[in-house]
Amino acid sequence: MPPINLRALALPVVARPIFCYYHYSKQTRSVCKPIWPPRRVAAGTYILLPQPFCHAGWIKTTTPARSLPVSLAQTNIRTNGAGIHWYYLLSFSDMAPSSPDTLPWEDVKTVTLWGYEQLHHKLAAVIAFPVIRHHYNLPLAECAVMARSFFPHADLAAGEYPAEVLNAISQLEQAGIQDWASFLQATNSRAKLAAFLNSSQMSFAACVSLFNYLLRFGLPFLTPSRQLIDETDPLEIAWHKALKARKLMHTFDLLQLGALPQQRQWLAGQINLPPVTITRLVHRADLARIPYVRQRTLLPLSGAGYCGIAALAAATPTQANATMQAYFASQGKSWADMKKVITLPAIITWAKALPQIVID
């Protein structure tokens with residue numbers, strides 16, 4: 001098949017090549033449309049395709065809305081436990097450089113569920129908290145270790161998540177970025193992101209992947225302090241009123257002021273709550289750092305006796321399952337009904353990956 005004639009497609013030609021990822025369907029043995037419109041990745045990045053797909057053909061894209069011929073050049077063969085896999089390089093190339101007017105900004109919302117400015121504001125607000133900045137704004141090599149720790153059993157060679165995140169972190173290091181704060185600073189507007197893409201040779205999709213990782217795993221969620229209390233319990237409602245009176249509106253406020261035992265003792269005197277209550281609330285704020293752990297998950301974990309991330313990280317899934325079953329039985333409820341919500345193996349793995357903030 002002849003190479004793509006970009007001029008015939010009315011696409012501007014520049015020196016820098018950009019390639020596209022697609023996903024292979026085992027059911028149809030064909031290349032499917034991407035999760036979002038064609039992701040652009042840096043030159044030299046490969047797509048992993050299973051063995052049956054080994055010919056040139058047409059791939060339907062959603063952006064632009066037409067079918068384009070794609071020739072597949074075999075670049076490497078690799079053997080692993082699953083058998084032979086083939087690496088191919090998609091020969092889409094010579095597309096336009098990044099600019100604020102041409103980047104697919106809608107992809108940000110498709111992937112993260114937030115618009116670009118809203119997402120960036122959320123991430124910047126989280127890392128601006130001193131306690132979060134101190135414990136999470138690490139050198140990128142350490143950030144890569146954390147990302148891998150969230151998914152210790154992922155087959156990176158097969159492209160399983162977080163392979164794309166680790167690859168993007170490596171690209172950030174090559175571009176001279178030192179930590180998450182400097183990455184967010186370099187991309188805090190559409191114009192700055194476009195300039196960063198052109199100077200770093202990173203793809204827009206790689207940056208979106210990093211933003212999504214930071215939102216879901218790399219940084220904790222800014223949780224309102226109301227989500228730390230049982231809103232059906234008058235006593236706990238009174239606790240929240242006491243926190244609100246001192247403008248302790250988020251979990252990060254409690255972590256900032258109550259990470260150490262002596263801090264919690266001082267905070268108890270300031271809020272006029274017993275030290276044991278302050279400690280319980282700080283432990284709940286600590287649990288809220290675990291990805292996807294919100295009120296519905298957090299309160300049962302706390303009620304079952306898991307006092308913060310360290311206690312949960314020390315448990316095994318079998319031990320935790322027995323503990324949670326006993327807790328729900330004591331409440332006259334069925335643990336079986338909550339197992340799908342409180343996914344203990346994943347939660348324990350994620351707890352192990354997180355930095356320690358609260359000291360008991």
# chains A, B, ... in the order shown; residues from 1 in each chain; ligands from 1
$ select_by_dssp --residues "range 229-261 of chain A" --states "helix (DSSP H, G or I)" --output "ChimeraX atom specification"
/A:234-245,251-258,261
$ write_last_selection --atoms "N, CA, C and O atoms" --output "short mmCIF file (atom, residue, chain, number, x, y, z; two decimals), in the first residue's frame"
data_model
loop_
_atom_site.label_atom_id
_atom_site.label_comp_id
_atom_site.auth_asym_id
_atom_site.auth_seq_id
_atom_site.Cartn_x
_atom_site.Cartn_y
_atom_site.Cartn_z
N PRO A 234 -26.47 12.44 65.66
CA PRO A 234 -26.46 13.82 66.18
C PRO A 234 -25.12 14.21 66.79
O PRO A 234 -24.70 15.37 66.68
N LEU A 235 -24.43 13.26 67.44
CA LEU A 235 -23.14 13.57 68.04
C LEU A 235 -22.12 13.94 66.97
O LEU A 235 -21.37 14.92 67.12
N GLU A 236 -22.09 13.17 65.89
CA GLU A 236 -21.12 13.45 64.83
C GLU A 236 -21.49 14.72 64.07
O GLU A 236 -20.60 15.43 63.57
N ILE A 237 -22.76 15.03 63.98
CA ILE A 237 -23.17 16.31 63.38
C ILE A 237 -22.61 17.46 64.21
O ILE A 237 -22.15 18.48 63.68
N ALA A 238 -22.61 17.30 65.53
CA ALA A 238 -22.04 18.31 66.42
C ALA A 238 -20.53 18.43 66.19
O ALA A 238 -19.97 19.53 66.25
N TRP A 239 -19.87 17.30 65.91
CA TRP A 239 -18.44 17.36 65.61
C TRP A 239 -18.19 18.23 64.37
O TRP A 239 -17.29 19.06 64.36
N HIS A 240 -19.02 18.02 63.36
CA HIS A 240 -18.82 18.79 62.13
C HIS A 240 -19.07 20.28 62.37
O HIS A 240 -18.36 21.13 61.81
N LYS A 241 -20.04 20.61 63.18
CA LYS A 241 -20.29 22.02 63.49
C LYS A 241 -19.09 22.64 64.18
O LYS A 241 -18.73 23.81 63.92
N ALA A 242 -18.44 21.88 65.05
CA ALA A 242 -17.24 22.38 65.73
C ALA A 242 -16.10 22.60 64.73
O ALA A 242 -15.37 23.60 64.82
N LEU A 243 -15.95 21.68 63.78
CA LEU A 243 -14.94 21.86 62.75
C LEU A 243 -15.25 23.08 61.88
O LEU A 243 -14.35 23.88 61.56
N LYS A 244 -16.49 23.21 61.53
CA LYS A 244 -16.91 24.32 60.66
C LYS A 244 -16.69 25.66 61.35
O LYS A 244 -16.31 26.64 60.70
N ALA A 245 -16.93 25.70 62.66
CA ALA A 245 -16.74 26.95 63.40
C ALA A 245 -15.28 27.41 63.36
O ALA A 245 -15.00 28.61 63.43
N THR A 251 -10.52 17.74 54.41
CA THR A 251 -9.65 16.73 55.01
C THR A 251 -8.21 17.23 55.14
O THR A 251 -7.52 16.92 56.11
N PHE A 252 -7.77 18.02 54.16
CA PHE A 252 -6.38 18.50 54.20
C PHE A 252 -6.14 19.41 55.40
O PHE A 252 -5.02 19.49 55.90
N ASP A 253 -7.16 20.15 55.82
CA ASP A 253 -7.01 21.00 57.00
C ASP A 253 -6.69 20.16 58.23
O ASP A 253 -5.82 20.51 59.04
N LEU A 254 -7.39 19.04 58.38
CA LEU A 254 -7.15 18.15 59.52
C LEU A 254 -5.78 17.48 59.42
O LEU A 254 -5.09 17.32 60.44
N LEU A 255 -5.37 17.10 58.23
CA LEU A 255 -4.05 16.50 58.07
C LEU A 255 -2.94 17.50 58.33
O LEU A 255 -1.90 17.16 58.91
N GLN A 256 -3.17 18.74 57.93
CA GLN A 256 -2.17 19.79 58.14
C GLN A 256 -1.98 20.08 59.63
O GLN A 256 -0.85 20.25 60.10
N LEU A 257 -3.08 20.12 60.37
CA LEU A 257 -3.03 20.52 61.77
C LEU A 257 -2.98 19.36 62.75
O LEU A 257 -2.73 19.58 63.94
N GLY A 258 -3.22 18.13 62.27
CA GLY A 258 -3.33 17.02 63.20
C GLY A 258 -2.52 15.79 62.85
O GLY A 258 -2.84 14.69 63.32
N PRO A 261 0.82 13.53 67.11
CA PRO A 261 0.04 13.42 68.35
C PRO A 261 -0.06 14.74 69.11
O PRO A 261 -1.15 15.11 69.59
#
$ residues_around --residues "Ala353 in chain A" --least-positions-apart "2" --cutoff "9 Å" --atoms "only C-alpha atoms" --output "list in words"
Val145, Met146, Ala147, Arg148, Ser149, Phe150, Ala313, Ile348, Thr349, Trp350, Ala351 and Pro355 of chain A
$ residues_around --residues "Leu298 in chain A" --least-positions-apart "3" --cutoff "12 Å" --atoms "only C-alpha atoms" --output "ChimeraX atom specification"
/A:223,227-230,280-281,283-295,301-309,312,341-344,347
$ write_last_selection --atoms "C-alpha atoms" --output "short mmCIF file (atom, residue, chain, number, x, y, z; two decimals), in the first residue's frame"
data_model
loop_
_atom_site.label_atom_id
_atom_site.label_comp_id
_atom_site.auth_asym_id
_atom_site.auth_seq_id
_atom_site.Cartn_x
_atom_site.Cartn_y
_atom_site.Cartn_z
CA THR A 223 -12.73 15.88 50.48
CA GLN A 227 -17.95 13.47 54.40
CA LEU A 228 -15.99 12.36 57.47
CA ILE A 229 -19.05 12.17 59.70
CA ASP A 230 -22.15 10.02 59.97
CA ARG A 280 -10.75 9.67 65.01
CA LEU A 281 -11.50 12.51 62.59
CA HIS A 283 -7.70 9.07 60.93
CA ARG A 284 -10.79 9.35 58.74
CA ALA A 285 -9.19 12.24 56.85
CA ASP A 286 -6.17 10.00 56.34
CA LEU A 287 -8.32 7.18 54.93
CA ALA A 288 -9.91 9.67 52.53
CA ARG A 289 -6.53 9.93 50.75
CA ILE A 290 -7.00 6.42 49.35
CA PRO A 291 -8.21 6.56 45.73
CA TYR A 292 -11.97 6.28 45.37
CA VAL A 293 -12.55 6.09 49.14
CA ARG A 294 -15.41 8.40 50.01
CA GLN A 295 -17.99 8.59 52.80
CA LEU A 301 -13.59 1.15 57.44
CA SER A 302 -13.30 3.53 60.36
CA GLY A 303 -16.08 1.78 62.26
CA ALA A 304 -14.33 -1.57 61.78
CA GLY A 305 -11.27 -0.19 63.55
CA TYR A 306 -9.00 0.82 60.70
CA CYS A 307 -7.39 3.91 62.18
CA GLY A 308 -5.80 5.54 59.19
CA ILE A 309 -3.88 4.33 56.18
CA LEU A 312 -5.20 -0.64 56.61
CA VAL A 341 -18.44 -1.14 46.93
CA ILE A 342 -15.60 -1.71 49.40
CA THR A 343 -13.08 -3.58 47.23
CA LEU A 344 -10.64 -4.57 49.96
CA ILE A 347 -7.95 -0.53 48.72
#
$ atom_distance --atom1 "CA of Val165 in chain A" --atom2 "CA of Thr297 in chain A"
26.8 Å
